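Visitor: Sending over target.txt (compact mmCIF, C-alpha atoms).
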```txt
# COMPACT_ATOMS: atom_id res chain seq x y z
CA MET A 427 -27.33 62.18 50.13
CA ARG A 428 -25.07 64.93 48.66
CA THR A 429 -25.60 68.51 49.75
CA ARG A 430 -26.30 71.27 47.26
CA HIS A 431 -22.72 72.54 47.73
CA GLU A 432 -21.28 69.10 47.04
CA GLN A 433 -23.41 68.74 43.93
CA ALA A 434 -22.12 72.07 42.62
CA GLN A 435 -18.49 71.01 43.03
CA PRO A 436 -17.10 68.71 40.32
CA THR A 437 -15.40 65.60 41.61
CA ASP A 438 -11.76 64.87 40.94
CA ALA A 439 -12.82 62.31 38.37
CA ARG A 440 -14.99 64.85 36.56
CA ARG A 441 -12.12 67.34 36.58
CA LEU A 442 -9.83 64.69 35.14
CA LEU A 443 -12.28 63.87 32.37
CA ALA A 444 -13.27 67.47 31.65
CA PRO A 445 -12.65 68.33 28.01
CA ARG A 446 -9.42 70.18 27.50
CA VAL A 447 -10.03 71.20 23.92
CA THR A 448 -11.41 74.76 23.75
CA PRO A 449 -12.32 76.64 20.56
CA SER A 450 -8.95 78.42 20.60
CA THR A 451 -7.15 75.11 21.10
CA LEU A 452 -9.02 73.63 18.15
CA VAL A 453 -7.88 76.54 15.98
CA PHE A 454 -4.24 76.14 17.04
CA THR A 455 -4.47 72.37 16.48
CA ALA A 456 -6.12 72.64 13.07
CA THR A 457 -3.69 75.25 11.77
CA ALA A 458 -0.65 73.45 13.20
CA ALA A 459 -1.83 70.24 11.50
CA LEU A 460 -1.49 71.99 8.13
CA ALA A 461 2.30 72.12 8.62
CA PRO A 462 3.00 68.34 8.56
CA ILE A 463 0.44 67.96 5.79
CA MET A 464 2.43 70.45 3.68
CA TRP A 465 5.68 68.74 4.66
CA GLY A 466 4.14 65.50 3.44
CA THR A 467 4.28 66.91 -0.09
CA THR A 468 8.09 67.16 0.07
CA TYR A 469 8.75 63.65 -1.26
CA LEU A 470 6.43 64.17 -4.24
CA VAL A 471 7.87 67.61 -5.06
CA THR A 472 11.46 66.43 -4.65
CA THR A 473 11.13 63.34 -6.84
CA GLU A 474 8.94 64.90 -9.53
CA LEU A 475 10.20 68.49 -9.83
CA LEU A 476 13.68 68.92 -8.35
CA PRO A 477 17.04 67.87 -9.78
CA PRO A 478 18.27 64.60 -8.22
CA ASP A 479 21.12 64.20 -5.73
CA ARG A 480 21.05 67.76 -4.42
CA PRO A 481 19.43 67.38 -0.97
CA MET A 482 21.44 70.11 0.78
CA THR A 483 20.72 72.57 -2.04
CA ALA A 484 17.02 71.83 -1.59
CA SER A 485 17.35 72.32 2.18
CA VAL A 486 19.06 75.70 1.83
CA LEU A 487 16.64 76.92 -0.84
CA ARG A 488 13.79 75.81 1.38
CA ALA A 489 15.06 77.58 4.51
CA ILE A 490 16.81 80.83 3.55
CA PRO A 491 14.25 82.24 1.06
CA ALA A 492 11.50 81.36 3.55
CA GLY A 493 13.36 83.19 6.30
CA LEU A 494 13.90 86.26 4.12
CA LEU A 495 10.22 86.29 3.12
CA LEU A 496 9.10 86.23 6.75
CA LEU A 497 11.65 88.89 7.63
CA LEU A 498 10.13 91.16 4.99
CA ILE A 499 6.71 90.61 6.57
CA ALA A 500 7.92 91.00 10.16
CA PRO A 501 11.30 92.78 10.19
CA GLY A 502 13.32 92.87 13.37
CA ILE A 503 15.99 91.19 15.46
CA PRO A 504 15.39 89.19 18.66
CA GLY A 505 16.53 90.92 21.85
CA LYS A 506 20.00 90.27 23.22
CA GLY A 507 18.81 87.72 25.72
CA TRP A 508 17.01 85.77 22.98
CA ARG A 509 19.52 85.69 20.15
CA LEU A 510 21.34 82.60 21.40
CA LYS A 511 18.02 80.88 22.08
CA THR A 512 16.78 81.67 18.58
CA ALA A 513 20.04 80.43 17.05
CA THR A 514 19.82 77.23 19.11
CA LEU A 515 16.28 76.58 17.89
CA GLY A 516 17.38 77.31 14.32
CA VAL A 517 20.09 74.65 14.55
CA LEU A 518 17.83 72.05 16.21
CA ASN A 519 14.71 72.59 14.07
CA ILE A 520 16.40 73.32 10.73
CA GLY A 521 20.20 73.19 10.58
CA LEU A 522 20.59 69.72 12.09
CA PHE A 523 17.17 68.27 11.35
CA PHE A 524 17.19 68.83 7.58
CA PRO A 525 20.55 67.11 6.86
CA MET A 526 19.63 64.17 9.12
CA LEU A 527 16.25 63.90 7.42
CA PHE A 528 17.78 63.70 3.95
CA ALA A 529 20.58 61.36 5.07
CA ALA A 530 17.98 58.98 6.48
CA ALA A 531 15.84 59.27 3.36
CA TYR A 532 18.76 58.37 1.10
CA ARG A 533 20.01 55.43 3.20
CA LEU A 534 16.77 53.90 4.52
CA PRO A 535 13.50 52.74 3.00
CA GLY A 536 10.93 55.49 3.35
CA GLY A 537 8.84 53.35 5.66
CA ILE A 538 11.63 52.81 8.18
CA ALA A 539 12.53 56.50 8.19
CA ALA A 540 8.86 57.37 8.71
CA VAL A 541 8.57 55.01 11.69
CA VAL A 542 11.64 56.48 13.38
CA GLY A 543 10.37 60.01 12.76
CA SER A 544 6.90 59.19 14.07
CA ALA A 545 8.47 58.22 17.42
CA GLN A 546 9.00 61.94 18.10
CA PRO A 547 6.13 62.17 20.63
CA LEU A 548 7.75 59.40 22.67
CA VAL A 549 11.09 61.23 22.56
CA ILE A 550 9.43 64.45 23.72
CA ILE A 551 7.78 62.61 26.60
CA ALA A 552 11.16 61.15 27.59
CA ILE A 553 12.90 64.55 27.39
CA SER A 554 10.20 66.36 29.38
CA THR A 555 10.12 63.65 32.03
CA ALA A 556 13.91 63.43 32.36
CA LEU A 557 14.31 67.21 32.71
CA GLY A 558 11.26 67.64 34.94
CA TRP A 559 9.60 69.97 32.44
CA GLY A 560 6.21 68.31 32.46
CA ARG A 561 4.21 65.16 33.00
CA THR A 562 2.40 62.97 30.52
CA ARG A 563 -0.66 60.94 31.38
CA PRO A 564 -0.42 57.21 30.60
CA VAL A 565 -3.38 57.51 28.23
CA GLN A 566 -1.52 60.08 26.11
CA LEU A 567 1.57 57.89 26.10
CA GLY A 568 -0.69 55.09 24.93
CA TRP A 569 -2.06 57.15 22.04
CA ALA A 570 1.51 58.07 21.03
CA VAL A 571 2.39 54.36 20.90
CA VAL A 572 -0.76 53.71 18.85
CA ALA A 573 0.24 56.43 16.36
CA VAL A 574 3.76 55.02 15.97
CA ALA A 575 2.39 51.49 15.52
CA GLY A 576 -0.05 52.75 12.90
CA VAL A 577 2.71 54.46 10.92
CA ALA A 578 4.79 51.28 11.15
CA VAL A 579 1.95 49.24 9.63
CA ALA A 580 1.10 51.89 7.01
CA ALA A 581 4.75 52.08 5.96
CA ALA A 582 5.25 48.32 5.91
CA SER A 583 6.82 46.84 2.79
CA GLY A 584 7.98 43.42 1.77
CA THR A 585 11.68 44.28 1.93
CA VAL A 586 13.36 45.73 4.98
CA ARG A 587 16.88 47.08 4.48
CA LEU A 588 18.54 48.55 7.56
CA ASP A 589 21.57 50.81 7.36
CA ALA A 590 23.40 51.78 10.55
CA ILE A 591 24.26 55.29 9.35
CA GLY A 592 20.74 55.85 8.06
CA LEU A 593 19.21 54.68 11.34
CA ALA A 594 21.58 56.91 13.31
CA ALA A 595 20.70 59.90 11.12
CA ALA A 596 16.97 59.26 11.52
CA ALA A 597 17.35 58.97 15.29
CA VAL A 598 19.45 62.15 15.57
CA GLY A 599 16.96 64.05 13.40
CA THR A 600 14.04 62.87 15.50
CA VAL A 601 15.75 63.84 18.77
CA SER A 602 16.83 67.18 17.30
CA MET A 603 13.31 68.20 16.28
CA ALA A 604 11.87 66.83 19.53
CA MET A 605 14.28 68.95 21.55
CA GLY A 606 13.50 71.94 19.35
CA ILE A 607 9.74 71.57 19.94
CA THR A 608 10.27 71.13 23.68
CA LEU A 609 12.45 74.25 23.95
CA THR A 610 10.10 76.25 21.72
CA LYS A 611 7.28 75.52 24.14
CA ARG A 612 9.41 76.20 27.22
CA TRP A 613 11.02 79.44 25.99
CA GLY A 614 8.04 80.91 24.13
CA VAL A 615 8.68 84.14 22.21
CA ALA A 616 10.95 87.02 23.12
CA PRO A 617 9.02 89.97 24.61
CA ASN A 618 8.08 92.65 22.08
CA THR A 619 9.11 90.35 19.23
CA ASN A 620 6.77 89.21 16.46
CA PRO A 621 6.65 85.37 16.40
CA LEU A 622 7.17 85.53 12.63
CA THR A 623 10.47 87.33 13.25
CA SER A 624 11.65 84.51 15.50
CA THR A 625 10.61 81.93 12.89
CA ALA A 626 12.42 83.92 10.17
CA TRP A 627 15.71 83.93 12.07
CA GLN A 628 15.42 80.23 12.86
CA LEU A 629 15.07 79.48 9.15
CA LEU A 630 17.96 81.80 8.26
CA VAL A 631 20.30 80.38 10.90
CA GLY A 632 19.37 76.82 9.96
CA GLY A 633 19.91 77.49 6.25
CA LEU A 634 23.31 79.08 6.88
CA VAL A 635 24.38 76.07 8.95
CA ILE A 636 23.51 73.77 6.04
CA CYS A 637 25.31 75.84 3.35
CA PRO A 638 28.80 74.34 3.93
CA LEU A 639 27.36 70.86 3.39
CA ILE A 640 26.37 71.57 -0.23
CA PRO A 641 29.80 70.89 -1.81
CA ILE A 642 30.36 67.93 0.52
CA VAL A 643 27.05 66.10 0.10
CA ASP A 644 25.51 67.20 -3.21
CA ASP A 645 26.89 65.62 -6.36
CA GLY A 646 24.04 65.87 -8.83
CA ALA A 647 23.96 68.15 -11.85
CA TRP A 648 22.65 71.64 -11.15
CA THR A 649 19.56 72.47 -13.19
CA PHE A 650 17.17 75.36 -12.74
CA ASP A 651 14.37 74.83 -15.23
CA ALA A 652 10.69 75.75 -14.84
CA GLN A 653 9.90 72.58 -12.91
CA ALA A 654 12.74 73.20 -10.46
CA VAL A 655 11.60 76.81 -9.94
CA ILE A 656 8.08 75.61 -9.10
CA GLY A 657 9.42 72.92 -6.79
CA TYR A 658 11.83 75.18 -4.89
CA ALA A 659 9.16 77.90 -4.64
CA TRP A 660 6.68 75.44 -3.15
CA LEU A 661 9.21 74.16 -0.60
CA ALA A 662 10.27 77.69 0.38
CA VAL A 663 6.86 79.38 0.57
CA MET A 664 4.45 76.62 1.60
CA GLY A 665 6.82 74.03 3.11
CA GLY A 666 9.03 76.70 4.68
CA ALA A 667 7.53 80.10 5.51
CA VAL A 668 3.87 79.08 5.90
CA ALA A 669 4.38 75.62 7.41
CA TYR A 670 6.99 76.62 9.99
CA SER A 671 5.05 79.72 11.01
CA LEU A 672 2.00 77.57 11.74
CA TRP A 673 4.07 74.82 13.37
CA PHE A 674 5.95 77.09 15.78
CA ARG A 675 2.72 78.93 16.58
CA GLY A 676 1.19 75.61 17.54
CA ALA A 677 4.31 74.58 19.46
CA ARG A 678 4.05 77.71 21.60
CA ASN A 679 0.33 77.29 22.34
CA LEU A 680 -0.23 73.53 22.53
CA PRO A 681 1.22 70.87 24.84
CA THR A 682 4.44 69.51 23.38
CA THR A 683 3.16 65.95 23.09
CA ASN A 684 0.03 67.14 21.27
CA ILE A 685 1.98 69.08 18.66
CA ALA A 686 4.38 66.17 18.14
CA LEU A 687 1.48 63.76 17.60
CA LEU A 688 0.44 65.90 14.63
CA GLY A 689 3.79 65.06 13.02
CA VAL A 690 2.53 61.64 11.95
CA LEU A 691 0.35 63.44 9.39
CA SER A 692 3.48 64.04 7.30
CA PRO A 693 4.27 60.41 6.35
CA LEU A 694 0.56 59.69 6.03
CA THR A 695 0.16 62.59 3.59
CA ALA A 696 3.16 61.36 1.62
CA ALA A 697 1.60 57.89 1.42
CA VAL A 698 -1.75 59.23 0.20
CA LEU A 699 -0.11 61.44 -2.44
CA GLY A 700 2.02 58.52 -3.59
CA TRP A 701 -1.11 56.41 -3.95
CA ILE A 702 -3.23 59.05 -5.70
CA ILE A 703 -0.68 60.84 -7.91
CA LEU A 704 2.18 58.37 -8.38
CA GLY A 705 0.01 55.27 -8.55
CA GLN A 706 1.80 53.52 -5.69
CA ASN A 707 -0.09 50.54 -4.29
CA MET A 708 -1.56 50.53 -0.78
CA THR A 709 -2.58 47.18 0.67
CA GLY A 710 -5.50 46.67 3.00
CA LEU A 711 -3.07 46.26 5.91
CA GLN A 712 -1.43 49.59 5.08
CA CYS A 713 -4.83 51.29 4.95
CA LEU A 714 -5.56 49.84 8.39
CA GLY A 715 -2.26 51.23 9.68
CA PHE A 716 -3.13 54.59 8.16
CA GLY A 717 -6.40 54.66 10.10
CA VAL A 718 -4.75 53.56 13.35
CA ALA A 719 -2.06 56.26 13.08
CA LEU A 720 -4.69 58.89 12.35
CA LEU A 721 -6.73 57.70 15.34
CA GLY A 722 -3.71 57.96 17.65
CA SER A 723 -2.85 61.43 16.39
CA ILE A 724 -6.39 62.80 16.77
CA ALA A 725 -7.31 61.06 20.03
CA GLY A 726 -4.12 62.30 21.67
CA GLN A 727 -5.31 65.89 21.17
CA PHE A 728 -8.25 65.33 23.51
CA VAL A 729 -6.25 64.14 26.51
CA LYS A 730 -6.11 66.61 29.38
CA THR A 731 -2.44 67.42 29.91
CA PRO A 732 -1.18 68.07 33.44
CA SER A 733 0.30 71.47 34.22
CA PRO A 734 4.11 71.64 34.16
CA ARG A 735 5.79 71.13 37.47
```
Take the structure in the file and give it back as structure tokens.
Guide:
Amino acid sequence: MRTRHEQAQPTDARRLLAPRVTPSTLVFTATAALAPIMWGTTYLVTTELLPPDRPMTASVLRAIPAGLLLLLIAPGIPGKGWRLKTATLGVLNIGLFFPMLFAAAYRLPGGIAAVVGSAQPLVIIAISTALGWGRTRPVQLGWAVVAVAGVAVAAASGTVRLDAIGLAAAAVGTVSMAMGITLTKRWGVAPNTNPLTSTAWQLLVGGLVICPLIPIVDDGAWTFDAQAVIGYAWLAVMGGAVAYSLWFRGARNLPTTNIALLGVLSPLTAAVLGWIILGQNMTGLQCLGFGVALLGSIAGQFVKTPSPR
């Protein structure tokens, strides 16, 4: 028979199964989830409102105005010891990720690009494990695999066209963002620096890195009509300033695998908008994949993550 002291002490199993999600964690998770949902509107906005064949122009006009807007809200410069870190994150999260994202989108079917991108949680787990920056429980790895499998089914189409350059771009973009999320979590925010200021400089650095690619990559006619203004404004304000502020806030306060699992909401949002607004068909199998991916993304948030080593 257990003593009163033993009954008061939770067992190791109870500690392991104790809920990790606190009210503050739920807030960070819910607000961070808005970022990939807003990013999921990018395909619809790009195809319906923006001039064609100008992906780097769209990337720059998404990043730099967003950075300037945030800098007006939270002016400042990161401290000397954090400037290189901020620039590195700007290149990984924006400057390299955006061009790779568009290169993959142009050279691969959207479904294939979405599957590669949804593998980001697995890449983060591999990076963290290889560098000794944290451990991942097998159950969370399992939910990450479930989410990727769900996206693969939801994005399935009758024709599969693989392009080596497109696959390489998608892989580089996925690794770039995964490394950016991992370092964001590890480095945190510079002391006495508003997190919005750090986000602003990441967007500015990333946008400046992309600028030289405009004359090399873009070949479409430049138009700036009312539709384009609305489209670029949406990408800059909602898809840039608001989304990245929420995303980096979540990346600093949530386990890296948890925040990456939310990324699958982006292709799922794009699929739903394509079905509702563009009239694109969704088969029963794709709807099943949608539900499986959503299950993996949500269930992974409730796994207790071990403390970093």
Visitor: What does the structure give for the distance between atom CA of A:Ala659 and atom CA of A:Ile463, in Å to one decimal?
Guide: 16.8 Å
Visitor: Give me, as a JSON list (two decimals) with C-alpha atoms, in the coordinates of the input, all polymer residues having an atom no more than 12 Å from A:Val698, counting only C-alpha atoms and skipping those fewer than 3 positions away in the same chain.
Guide:
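result02.json was written with the following content:
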```json
[["chain", "number", "residue", "atom", "x", "y", "z"],
["A", 463, "ILE", "CA", 0.44, 67.96, 5.79],
["A", 466, "GLY", "CA", 4.14, 65.50, 3.44],
["A", 467, "THR", "CA", 4.28, 66.91, -0.09],
["A", 469, "TYR", "CA", 8.75, 63.65, -1.26],
["A", 470, "LEU", "CA", 6.43, 64.17, -4.24],
["A", 580, "ALA", "CA", 1.10, 51.89, 7.01],
["A", 581, "ALA", "CA", 4.75, 52.08, 5.96],
["A", 691, "LEU", "CA", 0.35, 63.44, 9.39],
["A", 692, "SER", "CA", 3.48, 64.04, 7.30],
["A", 693, "PRO", "CA", 4.27, 60.41, 6.35],
["A", 694, "LEU", "CA", 0.56, 59.69, 6.03],
["A", 695, "THR", "CA", 0.16, 62.59, 3.59],
["A", 701, "TRP", "CA", -1.11, 56.41, -3.95],
["A", 702, "ILE", "CA", -3.23, 59.05, -5.70],
["A", 703, "ILE", "CA", -0.68, 60.84, -7.91],
["A", 704, "LEU", "CA", 2.18, 58.37, -8.38],
["A", 705, "GLY", "CA", 0.01, 55.27, -8.55],
["A", 706, "GLN", "CA", 1.80, 53.52, -5.69],
["A", 707, "ASN", "CA", -0.09, 50.54, -4.29],
["A", 708, "MET", "CA", -1.56, 50.53, -0.78],
["A", 712, "GLN", "CA", -1.43, 49.59, 5.08],
["A", 713, "CYS", "CA", -4.83, 51.29, 4.95],
["A", 716, "PHE", "CA", -3.13, 54.59, 8.16],
["A", 717, "GLY", "CA", -6.40, 54.66, 10.10]]
```
Visitor: What's the 12 Å shell around stretch 495-512 of chain A, counting only C-alpha atoms, without same-chain residues fewer than 6 positions away, as a PyMOL selection string?
Guide: chain A and resi 488-489+518-520+606+609-610+612-632+659+662-664+666-671
Visitor: Quick one: distance from atom CA of A:Pro525 to atom CA of A:Leu639 in Å, one decimal?
Guide: 8.5 Å
Visitor: Hey, can you check how far atom CA of A:Phe650 sits from atom CA of A:Leu476?
Guide: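 Separation between atom CA of A:Phe650 and atom CA of A:Leu476: 8.5 Å.
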